[in-house]
file entry_30.pdb (PDB, C-alpha atoms)
ATOM      1  CA  MET A 914      44.328 -78.294  13.504
ATOM      2  CA  HIS A 915      47.253 -76.351  12.089
ATOM      3  CA  THR A 916      47.996 -73.464   9.786
ATOM      4  CA  ILE A 917      49.782 -74.270   6.544
ATOM      5  CA  GLY A 918      53.044 -73.114   8.122
ATOM      6  CA  LYS A 919      52.676 -75.476  11.061
ATOM      7  CA  LEU A 920      51.681 -78.334   8.743
ATOM      8  CA  ALA A 921      54.794 -77.671   6.655
ATOM      9  CA  GLU A 922      56.960 -77.670   9.768
ATOM     10  CA  ASN A 923      55.447 -80.911  11.094
ATOM     11  CA  ALA A 924      55.764 -82.602   7.693
ATOM     12  CA  GLY A 925      59.340 -81.434   7.145
ATOM     13  CA  VAL A 926      58.597 -79.575   3.911
ATOM     14  CA  GLY A 927      58.254 -75.962   2.876
ATOM     15  CA  VAL A 928      54.978 -74.088   2.594
ATOM     16  CA  GLU A 929      55.567 -73.724  -1.147
ATOM     17  CA  THR A 930      55.889 -77.506  -1.419
ATOM     18  CA  LEU A 931      52.451 -77.875   0.165
ATOM     19  CA  ARG A 932      51.011 -75.296  -2.194
ATOM     20  CA  PHE A 933      52.626 -77.125  -5.118
ATOM     21  CA  TYR A 934      51.004 -80.382  -3.968
ATOM     22  CA  GLN A 935      47.686 -78.548  -3.793
ATOM     23  CA  ARG A 936      48.079 -77.201  -7.334
ATOM     24  CA  LYS A 937      48.876 -80.730  -8.546
ATOM     25  CA  GLY A 938      45.750 -82.099  -6.872
ATOM     26  CA  LEU A 939      47.683 -84.224  -4.375
ATOM     27  CA  LEU A 940      46.661 -82.330  -1.252
ATOM     28  CA  GLY A 941      43.250 -80.927  -0.509
ATOM     29  CA  ILE A 942      42.642 -77.312   0.395
ATOM     30  CA  PRO A 943      40.534 -77.030   3.539
ATOM     31  CA  GLU A 944      37.781 -74.509   3.964
ATOM     32  CA  ALA A 945      38.898 -71.287   5.609
ATOM     33  CA  THR A 946      37.868 -70.601   9.173
ATOM     34  CA  GLY A 947      37.757 -66.847   9.118
ATOM     35  CA  LYS A 948      40.860 -65.826   7.200
ATOM     36  CA  VAL A 949      42.904 -68.924   8.061
ATOM     37  CA  ARG A 950      42.745 -72.417   6.625
ATOM     38  CA  GLN A 951      43.102 -75.162   9.194
ATOM     39  CA  TYR A 952      44.939 -78.358   8.272
ATOM     40  CA  GLY A 953      44.420 -81.555  10.234
ATOM     41  CA  SER A 954      46.010 -84.946  10.739
ATOM     42  CA  THR A 955      44.581 -86.173   7.423
ATOM     43  CA  HIS A 956      46.659 -83.576   5.615
ATOM     44  CA  LEU A 957      49.779 -84.554   7.531
ATOM     45  CA  ARG A 958      49.227 -88.235   6.678
ATOM     46  CA  ARG A 959      48.783 -87.305   3.018
ATOM     47  CA  VAL A 960      52.051 -85.315   2.920
ATOM     48  CA  THR A 961      53.840 -88.167   4.702
ATOM     49  CA  PHE A 962      52.465 -90.575   2.100
ATOM     50  CA  ILE A 963      53.638 -88.320  -0.757
ATOM     51  CA  LYS A 964      57.136 -88.015   0.689
ATOM     52  CA  SER A 965      57.411 -91.769   1.284
ATOM     53  CA  ALA A 966      56.215 -92.556  -2.234
ATOM     54  CA  GLN A 967      58.717 -90.070  -3.676
ATOM     55  CA  ALA A 968      61.485 -91.741  -1.654
ATOM     56  CA  ALA A 969      60.448 -95.027  -3.290
ATOM     57  CA  GLY A 970      60.971 -93.407  -6.680
ATOM     58  CA  PHE A 971      57.388 -92.669  -7.688
ATOM     59  CA  THR A 972      56.711 -89.534  -9.711
ATOM     60  CA  LEU A 973      54.031 -87.101  -8.603
ATOM     61  CA  GLY A 974      51.817 -88.364 -11.421
ATOM     62  CA  GLU A 975      52.220 -91.921 -10.195
ATOM     63  CA  ILE A 976      51.560 -90.813  -6.626
ATOM     64  CA  LYS A 977      48.319 -89.231  -7.764
ATOM     65  CA  GLN A 978      47.402 -92.569  -9.357
ATOM     66  CA  LEU A 979      48.285 -94.422  -6.147
ATOM     67  CA  LEU A 980      46.067 -92.107  -4.138
ATOM     68  CA  ALA A 981      43.178 -92.763  -6.518
ATOM     69  CA  MET A 982      43.854 -96.499  -6.336
ATOM     70  CA  ASP A 983      43.824 -96.358  -2.556
ATOM     71  CA  ALA A 984      40.500 -94.533  -2.543
ATOM     72  CA  SER A 985      39.004 -97.185  -4.834
ATOM     73  CA  HIS A 986      40.790-100.082  -3.061
ATOM     74  CA  ASN A 987      42.401-101.073  -6.362
ATOM     75  CA  HIS A 988      45.319-102.964  -4.872
ATOM     76  CA  SER A 989      46.093-105.017  -7.966
ATOM     77  CA  GLN A 990      46.658-101.874 -10.029
ATOM     78  CA  ALA A 991      48.782-100.368  -7.236
ATOM     79  CA  ARG A 992      50.860-103.550  -7.182
ATOM     80  CA  GLN A 993      51.281-103.325 -10.969
ATOM     81  CA  LEU A 994      52.492 -99.728 -10.658
ATOM     82  CA  ALA A 995      54.939-100.797  -7.951
ATOM     83  CA  LEU A 996      56.256-103.595 -10.176
ATOM     84  CA  GLN A 997      56.785-101.086 -12.994
ATOM     85  CA  ARG A 998      58.692 -98.836 -10.582
ATOM     86  CA  LEU A 999      60.828-101.826  -9.531
ATOM     87  CA  ALA A1000      61.679-102.556 -13.172
ATOM     88  CA  ALA A1001      62.691 -98.920 -13.693
ATOM     89  CA  ILE A1002      64.859 -99.019 -10.556
ATOM     90  CA  ASP A1003      66.520-102.229 -11.756
ATOM     91  CA  GLU A1004      67.337-100.510 -15.071
ATOM     92  CA  GLN A1005      68.790 -97.526 -13.215
ATOM     93  CA  LEU A1006      70.890 -99.859 -11.063
ATOM     94  CA  THR A1007      72.244-101.552 -14.183
ATOM     95  CA  GLN A1008      73.155 -98.179 -15.667
ATOM     96  CA  LEU A1009      74.811 -97.095 -12.415
ATOM     97  CA  GLN A1010      76.827-100.331 -12.261
ATOM     98  CA  VAL A1011      78.086 -99.717 -15.802
ATOM     99  CA  ALA A1012      78.987 -96.123 -14.919
ATOM    100  CA  ARG A1013      80.761 -97.313 -11.786
ATOM    101  CA  GLY A1014      82.805 -99.816 -13.776
ATOM    102  CA  VAL A1015      83.822 -97.175 -16.314
ATOM    103  CA  LEU A1016      84.837 -94.709 -13.587
ATOM    104  CA  GLU A1017      86.702 -97.386 -11.661
ATOM    105  CA  LYS A1018      88.732 -98.249 -14.780
ATOM    106  CA  LEU A1019      89.389 -94.570 -15.551
ATOM    107  CA  ALA A1020      90.564 -93.932 -11.984
ATOM    108  CA  HIS A1021      92.884 -96.950 -12.188
ATOM    109  CA  ASP A1022      94.240 -95.824 -15.573
ATOM    110  CA  CYS A1023      94.737 -92.292 -14.237
ATOM    111  CA  GLU A1024      96.724 -93.583 -11.281
ATOM    112  CA  HIS A1025      99.079 -95.476 -13.603
ATOM    113  CA  SER A1026      99.596 -92.876 -16.341
ATOM    114  CA  ARG A1027     101.865 -90.344 -14.661
ATOM    115  CA  ASP A1028     103.453 -88.641 -17.688
ATOM    116  CA  GLN A1029     100.441 -88.827 -20.011
ATOM    117  CA  PRO A1030      97.237 -86.830 -20.249
ATOM    118  CA  CYS A1031      94.717 -87.758 -17.580
ATOM    119  CA  PRO A1032      92.557 -90.604 -18.949
ATOM    120  CA  ILE A1033      89.534 -89.351 -17.016
ATOM    121  CA  ILE A1034      89.606 -85.906 -18.579
ATOM    122  CA  ALA A1035      90.628 -87.263 -21.971
ATOM    123  CA  SER A1036      87.688 -89.681 -22.035
ATOM    124  CA  PHE A1037      85.209 -86.890 -21.356
ATOM    125  CA  VAL A1038      86.832 -84.578 -23.907
ATOM    126  CA  ASN A1039      86.791 -87.328 -26.535
ATOM    127  CA  ALA A1040      83.145 -88.096 -25.749
ATOM    128  CA  ALA A1041      82.071 -84.454 -26.162
ATOM    129  CA  PRO A1042      80.075 -83.717 -29.336
ATOM    130  CA  VAL A1043      81.950 -81.826 -31.992
ATOM    131  CA  ALA A1044      80.512 -78.353 -32.663
ATOM    132  CA  ASP A1045      80.063 -77.243 -36.269
TER     133      ASP A1045
END
call {"tool": "encode", "arguments": {"input": "entry_30.pdb", "output": "structure tokens"}}
result
Amino acid sequence: MHTIGKLAENAGVGVETLRFYQRKGLLGIPEATGKVRQYGSTHLRRVTFIKSAQAAGFTLGEIKQLLAMDASHNHSQARQLALQRLAAIDEQLTQLQVARGVLEKLAHDCEHSRDQPCPIIASFVNAAPVAD
């Protein structure tokens, strides 16, 4: 059993992060023993799960859904949520590849335009919205 500070240290997060998870309904609040709440291994596993799911790209709302699905053994719905996350990641990868291609071309153009305005800066200036 640990205090919230020790749980935070063991989980590699801040105390305020744990309190945020509690406010969002992702992490239970144990009963106080005297004036101190004692957190156990179940809490540490839950925080580890949350961090791992965030690393996989899930939002806190989706993580809350996954936790509910786990409690109800609804694996097919969890799989569906994971497939949706994969589709979103694929879309992000496509967008990043486009951005990489644009930046690669701009860097090349910049390298070969010695006596002209920098194409990188010019492209961002030209893309800026015009204020009224």
call {"tool": "atom_distance", "arguments": {"input": "entry_30.pdb", "atom1": "CA of Tyr952 in chain A", "atom2": "CA of Met914 in chain A"}}
result
5.3 Å
call {"tool": "closest_residue", "arguments": {"input": "entry_30.pdb", "among": "A:Ala1020, A:Ala968, A:Val1015, A:Leu973", "to": "Lys937 in chain A", "atoms": "only C-alpha atoms"}}
result
A:Leu973
call {"tool": "atom_distance", "arguments": {"input": "entry_30.pdb", "atom1": "CA of Lys919 in chain A", "atom2": "CA of Gly938 in chain A"}}
result
20.3 Å
call {"tool": "residues_near_point", "arguments": {"input": "entry_30.pdb", "point": "(54.3, -88.2, -5.5)", "cutoff": "6 Å", "atoms": "all atoms listed in the file", "output": "VMD selection string"}}
result
chain A and resid 963 966 to 967 971 to 973 976
call {"tool": "resolve_selection", "arguments": {"input": "entry_30.pdb", "expression": "the PyMOL selection byres ((chain A and resi 955-962) around 12)", "output": "PyMOL selection string"}}
result
chain A and resi 914-928+930-935+938-943+950-954+963-969+971+973+976-977+979-980+983
call {"tool": "atom_distance", "arguments": {"input": "entry_30.pdb", "atom1": "CA of Leu999 in chain A", "atom2": "CA of Lys1018 in chain A"}}
result
28.6 Å
call {"tool": "residues_around", "arguments": {"input": "entry_30.pdb", "residues": "Ala1001 in chain A", "least_positions_apart": "6", "cutoff": "10 Å", "atoms": "all atoms listed in the file", "output": "list in words"}}
result
Gly970, Ala995 and Thr1007 of chain A
